[in-house]
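Heads up, target_20.csv below (CSV, C-alpha atoms):
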chain,number,residue,atom,x,y,z
A,1,MET,CA,126.8,104.6,101.2
A,2,LYS,CA,126.7,105.7,104.8
A,3,ARG,CA,127.5,109.3,105.8
A,4,ARG,CA,127.4,110.3,109.4
A,5,THR,CA,127.6,113.8,110.8
A,6,PHE,CA,127.9,114.4,114.5
A,7,LEU,CA,126.1,117.6,115.6
A,8,ALA,CA,127.8,118.6,118.8
A,9,GLY,CA,126.0,121.1,120.9
A,10,SER,CA,122.8,121.4,122.8
A,11,ALA,CA,119.1,120.7,121.8
A,12,ALA,CA,114.6,118.6,122.4
A,13,ALA,CA,113.0,115.6,120.8
A,14,LEU,CA,110.6,116.4,118.1
A,15,ALA,CA,108.0,114.1,119.4
A,16,ALA,CA,108.6,114.5,123.1
A,17,PRO,CA,107.4,117.4,125.2
A,18,VAL,CA,110.1,120.0,125.5
A,19,LEU,CA,112.6,119.1,128.1
A,20,ALA,CA,115.1,121.4,129.8
A,21,GLN,CA,118.7,120.6,128.9
A,22,SER,CA,119.2,119.4,132.5
A,23,GLN,CA,116.5,116.9,132.1
A,24,TRP,CA,117.9,115.2,129.1
A,25,PRO,CA,119.3,111.7,129.9
A,26,ARG,CA,123.1,112.0,130.2
A,27,GLY,CA,124.8,110.4,127.2
A,28,GLN,CA,121.6,109.7,125.3
A,29,THR,CA,122.2,110.3,121.6
A,30,ILE,CA,119.6,111.1,119.1
A,31,ARG,CA,120.1,109.5,115.7
A,32,ILE,CA,118.4,111.0,112.7
A,33,ILE,CA,118.5,108.8,109.6
A,34,VAL,CA,118.1,110.5,106.2
A,35,PRO,CA,117.2,107.9,103.6
A,36,PHE,CA,118.6,110.1,100.8
A,37,PRO,CA,122.1,111.5,99.9
A,38,ALA,CA,123.4,114.6,101.5
A,39,GLY,CA,122.1,117.7,99.8
A,40,ALA,CA,118.5,116.6,99.3
A,41,ALA,CA,115.7,118.6,100.9
A,42,ASN,CA,115.1,115.8,103.4
A,43,ASP,CA,118.8,116.0,104.3
A,44,ALA,CA,118.6,119.8,104.9
A,45,MET,CA,115.4,119.4,107.0
A,46,GLY,CA,116.9,116.5,109.0
A,47,ARG,CA,119.9,118.6,109.8
A,48,LEU,CA,117.8,121.5,110.8
A,49,ALA,CA,115.8,119.2,113.1
A,50,GLY,CA,119.1,118.0,114.5
A,51,GLN,CA,120.3,121.5,115.3
A,52,VAL,CA,117.0,122.3,117.1
A,53,LEU,CA,117.2,119.1,119.1
A,54,GLN,CA,120.8,120.0,120.2
A,55,GLU,CA,119.9,123.5,121.1
A,56,LYS,CA,116.8,122.5,123.1
A,57,LEU,CA,118.1,119.4,124.8
A,58,GLY,CA,121.8,119.5,125.0
A,59,ALA,CA,121.9,116.1,123.4
A,60,THR,CA,124.4,114.8,120.9
A,61,VAL,CA,122.7,114.4,117.6
A,62,VAL,CA,124.0,112.2,114.8
A,63,VAL,CA,122.6,112.7,111.3
A,64,GLU,CA,123.2,109.7,109.1
A,65,ASN,CA,122.6,109.5,105.4
A,66,ARG,CA,121.5,106.0,104.3
A,67,PRO,CA,120.5,106.4,100.7
A,68,GLY,CA,119.5,103.7,98.2
A,69,GLY,CA,116.6,101.5,97.4
A,70,SER,CA,114.3,104.5,96.8
A,71,ALA,CA,114.7,105.3,100.6
A,72,SER,CA,113.9,101.8,101.6
A,73,ILE,CA,117.5,101.2,103.0
A,74,GLY,CA,117.4,104.1,105.4
A,75,THR,CA,113.8,103.5,106.3
A,76,THR,CA,114.5,99.9,107.1
A,77,ALA,CA,117.4,101.0,109.3
A,78,VAL,CA,115.0,103.0,111.4
A,79,LEU,CA,112.7,100.0,111.6
A,80,HIS,CA,115.6,97.9,112.9
A,81,ALA,CA,116.7,100.5,115.5
A,82,ALA,CA,115.8,100.1,119.2
A,83,PRO,CA,112.1,101.1,119.7
A,84,ASP,CA,113.1,103.8,122.3
A,85,GLY,CA,112.2,106.8,120.3
A,86,TYR,CA,115.7,108.1,119.9
A,87,THR,CA,116.1,107.1,116.2
A,88,LEU,CA,114.2,109.3,113.8
A,89,LEU,CA,113.5,109.2,110.1
A,90,ALA,CA,113.9,112.5,108.2
A,91,SER,CA,111.6,112.0,105.3
A,92,ALA,CA,109.4,113.5,102.6
A,93,PHE,CA,107.0,110.9,104.0
A,94,ASN,CA,107.5,108.7,100.9
A,95,HIS,CA,108.0,105.8,103.3
A,96,ILE,CA,104.2,105.8,103.8
A,97,ILE,CA,103.7,104.1,100.5
A,98,LEU,CA,107.0,102.4,99.9
A,99,ASN,CA,105.5,99.0,100.1
A,100,HIS,CA,103.4,100.0,97.0
A,101,ALA,CA,106.5,101.2,95.1
A,102,VAL,CA,109.4,98.9,96.0
A,103,LYS,CA,109.0,95.2,95.9
A,104,ALA,CA,111.8,94.5,98.3
A,105,VAL,CA,110.0,96.4,101.1
A,106,THR,CA,108.5,94.0,103.6
A,107,PHE,CA,107.3,96.4,106.3
A,108,ASP,CA,103.9,97.9,106.7
A,109,PRO,CA,104.5,101.7,106.8
A,110,GLN,CA,101.2,102.4,108.7
A,111,ALA,CA,101.7,99.6,111.2
A,112,ASP,CA,105.4,100.0,111.8
A,113,PHE,CA,105.9,103.8,111.7
A,114,GLU,CA,104.3,106.8,113.2
A,115,THR,CA,104.5,110.4,112.1
A,116,ILE,CA,106.2,112.8,114.5
A,117,GLY,CA,105.6,116.0,112.6
A,118,ARG,CA,105.6,117.8,109.3
A,119,THR,CA,108.0,120.7,109.2
A,120,ALA,CA,107.6,122.2,105.7
A,121,ARG,CA,105.8,122.1,102.5
A,122,ALA,CA,108.2,121.4,99.7
A,123,PRO,CA,106.8,122.1,96.3
A,124,LEU,CA,108.3,120.4,93.2
A,125,LEU,CA,109.6,121.9,90.0
A,126,MET,CA,109.5,120.4,86.6
A,127,VAL,CA,112.6,121.0,84.6
A,128,MET,CA,113.9,120.1,81.1
A,129,ALA,CA,117.4,119.4,79.7
A,130,PRO,CA,119.0,122.6,78.4
A,131,ASP,CA,119.5,121.3,74.9
A,132,ARG,CA,115.8,121.0,74.2
A,133,LEU,CA,114.2,123.7,72.2
A,134,GLN,CA,110.6,123.6,73.5
A,135,LYS,CA,109.5,126.7,75.3
A,136,ASN,CA,106.7,125.5,77.5
A,137,LEU,CA,104.9,122.4,78.8
A,138,ALA,CA,102.4,122.3,76.0
A,139,GLU,CA,105.3,122.1,73.4
A,140,VAL,CA,107.0,119.5,75.5
A,141,ILE,CA,104.0,117.3,75.6
A,142,ALA,CA,103.3,117.7,71.9
A,143,ALA,CA,106.9,116.8,71.1
A,144,ALA,CA,107.0,113.8,73.5
A,145,LYS,CA,103.8,112.4,72.0
A,146,SER,CA,105.1,112.9,68.5
A,147,ALA,CA,108.5,111.2,69.2
A,148,PRO,CA,108.2,109.3,72.5
A,149,ASN,CA,111.5,107.5,72.1
A,150,ASN,CA,113.3,110.9,72.2
A,151,TRP,CA,112.1,111.6,75.8
A,152,THR,CA,112.8,110.1,79.2
A,153,PHE,CA,111.5,111.2,82.6
A,154,ALA,CA,114.0,110.8,85.4
A,155,ILE,CA,112.6,109.4,88.6
A,156,PRO,CA,114.8,110.3,91.6
A,157,ALA,CA,113.2,107.7,93.9
A,158,LEU,CA,110.3,105.3,93.5
A,159,GLY,CA,107.3,106.1,95.6
A,160,ALA,CA,108.6,109.6,96.4
A,161,PRO,CA,106.4,112.7,95.8
A,162,SER,CA,108.4,113.4,92.7
A,163,HIS,CA,107.5,110.0,91.3
A,164,LEU,CA,103.8,110.5,92.2
A,165,ALA,CA,103.8,113.9,90.6
A,166,THR,CA,105.4,112.5,87.4
A,167,VAL,CA,103.0,109.6,87.0
A,168,ASP,CA,100.1,112.0,87.7
A,169,LEU,CA,101.2,114.3,84.9
A,170,MET,CA,101.9,111.5,82.5
A,171,SER,CA,98.5,110.0,83.2
A,172,ARG,CA,96.7,113.3,82.7
A,173,ALA,CA,98.7,114.2,79.6
A,174,GLY,CA,98.4,110.7,78.1
A,175,LEU,CA,102.2,110.5,77.8
A,176,ASP,CA,103.8,107.2,77.2
A,177,ILE,CA,107.5,107.7,77.5
A,178,THR,CA,110.3,105.9,79.3
A,179,THR,CA,110.8,106.6,83.0
A,180,SER,CA,114.2,106.0,84.4
A,181,PRO,CA,114.7,105.4,88.2
A,182,TYR,CA,117.8,107.0,89.8
A,183,ARG,CA,119.4,106.8,93.2
A,184,GLY,CA,118.4,110.2,94.3
A,185,THR,CA,118.2,113.7,93.0
A,186,ALA,CA,121.9,114.3,92.3
A,187,PRO,CA,122.5,111.7,89.6
A,188,ALA,CA,119.1,112.4,88.0
A,189,LEU,CA,119.9,116.1,87.8
A,190,THR,CA,123.4,115.4,86.5
A,191,ASP,CA,121.8,113.4,83.6
A,192,VAL,CA,119.3,116.2,82.9
A,193,LEU,CA,122.1,118.8,82.8
A,194,GLY,CA,124.0,116.6,80.4
A,195,GLY,CA,121.0,116.0,78.2
A,196,HIS,CA,121.0,112.2,78.8
A,197,VAL,CA,117.5,112.4,80.1
A,198,GLN,CA,115.1,115.2,79.3
A,199,LEU,CA,112.6,115.7,82.0
A,200,LEU,CA,112.7,115.8,85.8
A,201,ILE,CA,110.2,116.7,88.5
A,202,ASP,CA,111.8,117.0,91.9
A,203,ALA,CA,112.0,119.2,95.0
A,204,SER,CA,112.4,122.9,94.5
A,205,PHE,CA,115.1,122.8,97.1
A,206,ALA,CA,117.4,120.9,94.7
A,207,LEU,CA,116.2,122.4,91.5
A,208,ILE,CA,115.8,126.1,92.2
A,209,PRO,CA,119.6,126.9,92.0
A,210,VAL,CA,120.0,125.3,88.5
A,211,SER,CA,116.7,126.8,87.5
A,212,ARG,CA,117.7,130.3,88.5
A,213,ALA,CA,121.1,129.9,86.9
A,214,GLY,CA,119.5,129.0,83.6
A,215,LYS,CA,121.2,125.6,83.5
A,216,VAL,CA,117.8,123.9,83.0
A,217,LYS,CA,114.6,125.0,81.5
A,218,THR,CA,111.9,125.4,84.1
A,219,LEU,CA,108.5,124.2,82.9
A,220,GLY,CA,106.4,124.6,86.0
A,221,ILE,CA,105.7,124.2,89.6
A,222,THR,CA,103.5,121.5,90.9
A,223,THR,CA,101.5,123.4,93.4
A,224,LYS,CA,97.9,124.4,92.8
A,225,ASP,CA,98.7,128.1,92.8
A,226,ARG,CA,101.9,129.9,91.9
A,227,SER,CA,104.3,130.2,94.8
A,228,PRO,CA,104.5,133.7,96.2
A,229,LEU,CA,108.2,133.0,96.6
A,230,ALA,CA,108.6,132.4,92.8
A,231,PRO,CA,105.6,134.1,91.1
A,232,ASP,CA,107.3,134.0,87.7
A,233,ILE,CA,107.1,130.2,87.6
A,234,PRO,CA,103.8,129.0,86.1
A,235,THR,CA,101.9,126.2,87.7
A,236,ILE,CA,101.5,122.9,85.8
A,237,ALA,CA,97.8,123.2,86.6
A,238,GLU,CA,97.4,126.5,84.7
A,239,GLN,CA,99.1,125.0,81.6
A,240,GLY,CA,96.1,122.8,80.8
A,241,PHE,CA,96.0,120.5,83.8
A,242,ALA,CA,93.4,121.9,86.1
A,243,GLY,CA,93.3,120.1,89.4
A,244,TYR,CA,97.0,119.0,89.2
A,245,ASP,CA,98.4,119.7,92.7
A,246,SER,CA,101.4,118.2,94.4
A,247,SER,CA,102.7,120.0,97.5
A,248,PRO,CA,104.4,117.3,99.6
A,249,GLY,CA,105.7,117.8,103.1
A,250,THR,CA,108.9,117.1,104.8
A,251,GLY,CA,109.3,116.1,108.4
A,252,CYS,CA,110.1,113.2,110.7
A,253,GLY,CA,108.8,109.8,111.7
A,254,ARG,CA,109.9,107.0,113.8
A,255,ARG,CA,109.2,103.3,114.3
A,256,ARG,CA,106.4,102.6,116.7
A,257,ALA,CA,107.3,101.2,120.1
A,258,HIS,CA,104.7,98.5,119.5
A,259,ARG,CA,103.7,97.5,116.1
A,260,ALA,CA,100.1,98.6,115.4
A,261,ARG,CA,97.7,96.3,113.7
A,262,SER,CA,97.8,96.8,110.0
A,263,ALA,CA,94.7,97.8,108.0
A,264,SER,CA,94.2,94.3,106.8
A,265,GLU,CA,94.7,92.8,110.3
A,266,SER,CA,92.2,95.3,111.7
A,267,THR,CA,89.5,94.1,109.3
A,268,ARG,CA,89.9,90.4,110.1
B,1,MET,CA,109.9,122.5,116.1
B,2,ARG,CA,106.8,124.7,115.8
B,3,GLU,CA,108.7,127.4,117.6
B,4,THR,CA,111.6,127.0,115.2
B,5,MET,CA,109.4,127.1,112.2
B,6,ARG,CA,108.3,130.6,113.2
B,7,ASP,CA,111.8,131.8,113.5
B,8,PRO,CA,112.3,134.6,110.9
B,9,ALA,CA,115.8,133.5,110.1
B,10,ILE,CA,114.7,129.9,109.5
B,11,VAL,CA,111.7,131.0,107.5
B,12,GLU,CA,114.0,133.2,105.3
B,13,ARG,CA,116.5,130.3,104.9
B,14,LEU,CA,113.8,127.9,103.8
B,15,ASN,CA,112.0,130.4,101.6
B,16,LYS,CA,115.1,130.7,99.5
B,17,SER,CA,114.5,127.1,98.3
B,18,LEU,CA,110.7,127.7,98.0
B,19,LEU,CA,110.1,125.7,101.2
B,20,GLU,CA,107.3,126.9,103.3
B,21,PRO,CA,107.6,126.2,107.0
B,22,VAL,CA,104.6,124.3,108.5
B,23,VAL,CA,103.4,125.2,112.0
B,24,GLU,CA,101.0,122.5,113.1
B,25,THR,CA,100.5,120.1,115.9
B,26,ILE,CA,101.6,116.5,115.8
B,27,ASP,CA,98.0,115.4,115.5
B,28,GLU,CA,97.5,117.7,112.5
B,29,SER,CA,100.6,116.3,110.9
B,30,LYS,CA,99.3,112.7,111.4
B,31,VAL,CA,95.9,113.6,109.9
B,32,PHE,CA,97.7,115.2,106.8
B,33,ILE,CA,100.0,112.2,106.3
B,34,ALA,CA,97.2,109.6,106.8
B,35,ALA,CA,95.1,111.3,104.2
B,36,GLU,CA,98.0,111.2,101.7
B,37,VAL,CA,98.3,107.4,101.8
B,38,PRO,CA,95.1,106.5,99.9
B,39,LYS,CA,95.5,109.4,97.5
B,40,SER,CA,99.1,108.3,96.6
B,41,VAL,CA,98.2,104.6,96.3
B,42,ALA,CA,95.2,105.5,94.1
B,43,LEU,CA,97.5,107.6,91.9
B,44,LEU,CA,100.0,104.7,91.4
B,45,LYS,CA,97.1,102.3,90.6
B,46,LYS,CA,95.5,104.7,88.2
B,47,ALA,CA,98.9,105.1,86.4
B,48,GLY,CA,99.2,101.4,86.2
B,49,PHE,CA,102.4,101.5,88.2
B,50,GLU,CA,103.6,98.2,89.7
B,51,ALA,CA,106.1,97.9,92.5
B,52,GLN,CA,109.7,97.4,91.1
Could you express the structure from this file as structure tokens?
Amino acid sequence: MKRRTFLAGSAAALAAPVLAQSQWPRGQTIRIIVPFPAGAANDAMGRLAGQVLQEKLGATVVVENRPGGSASIGTTAVLHAAPDGYTLLASAFNHIILNHAVKAVTFDPQADFETIGRTARAPLLMVMAPDRLQKNLAEVIAAAKSAPNNWTFAIPALGAPSHLATVDLMSRAGLDITTSPYRGTAPALTDVLGGHVQLLIDASFALIPVSRAGKVKTLGITTKDRSPLAPDIPTIAEQGFAGYDSSPGTGCGRRRAHRARSASESTR
Amino acid sequence: MRETMRDPAIVERLNKSLLEPVVETIDESKVFIAAEVPKSVALLKKAGFEAQ
């Protein structure tokens, strides 16, 4: 699926020094590719970046959603763009390890991409389907160990921070339950809301509305300390998992103008 | 973007979703992201995850 939004107006390139509007190359469009569906945290941050670029540079900015393949489709689209710096990747930086999570990925994230900037920390929430009776994380883990076939963890995207946070928790808890990959947050959350899968860790951006509305049970936040923005939500760390900490960033990257030597090439 | 991330209206908008704006240089971002790679790969290996 491809969704394009043209952001008309004025705006400066994230990576470039700030330019006055009059200095921006006439007709030069900035393309921001979001490798997730509209509505994801990356999508929101990508659109925010687009607005800023318009306002600072006076450029036309196109935000394009290219979901699928655990973000590999959109990321690959950036890799195939002209190496002129005008095509950006709005990401939770999951592309940095995509080659370790998705077999079909053939690029080397470190050699082929460069980081432009981190714009926000995006904590994750762990939520549970509303039809489950457990009251807290300890009860969930006990129940899942007792009847592992009755529990499934939704994975919105392989290699994404939500996936890493999930495998980290499962490893620490000694949980051996099914994990089910999805094409993004929306379908995963839909199945949690419907009780088809039971557990989901994903960006607070997507989960806080259903959490606050009581449509899911919120089990914890993945940050080391409670968020001052939601002090009522306990950390996973304080519920028996000291040291557990996942506080991923969102931001932008782009393909390198010239491919850098990969780590393996550098050691030859 | 750093200037934008200090904008009170943007901060308020992000905070509603528990997002915390980051105000750092490009080099600081690069250091943060570079440090995430080995940690994330180690986590996948420790969990026995294989690319799918």
Which residues of chain B are close to chain A, meaning at most 6 Å apart when you count all atoms listed in the file, and how do they look as a PyMOL selection string? chain B and resi 17+19-22+26+29-30+47+51-52
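Taking CA of Gln28 (chain A) as the reference point, CA of Val61 (chain A) is found at 9.1 Å.
Coordinates place CA of Thr75 (chain A) at a distance of 13.6 Å from CA of Asp43 (chain A).
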Take CA of Val192 (chain A) and CA of Ile33 (chain A) and report the distance between them in Å, one decimal. 27.7 Å
Please check which residues have atoms at most 9 Å from (104.9, 127.1, 117.2) in the file's coordinates, counting only C-alpha atoms, and write them as a list in words.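 The requested residues, written out, are Met1, Arg2, Glu3, Thr4, Met5, Arg6, Val23, Glu24 and Thr25 of chain B.
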Name the residues, using the chain letters and numbers of the file, that sit within 12 Å of (112.8, 125.5, 80.9) when counting all atoms listed in the file, and give them as an MDAnalysis selection string. chainID A and resid 125:140 192:193 198:201 207:208 210:221 233:234
Ala38 (chain A) surroundings by only C-alpha atoms, 12 Å radius, close-in-sequence under 2 positions cut, as a ChimeraX atom specification: /A:1-5,33-36,40-47,63-67,90,184-186,206
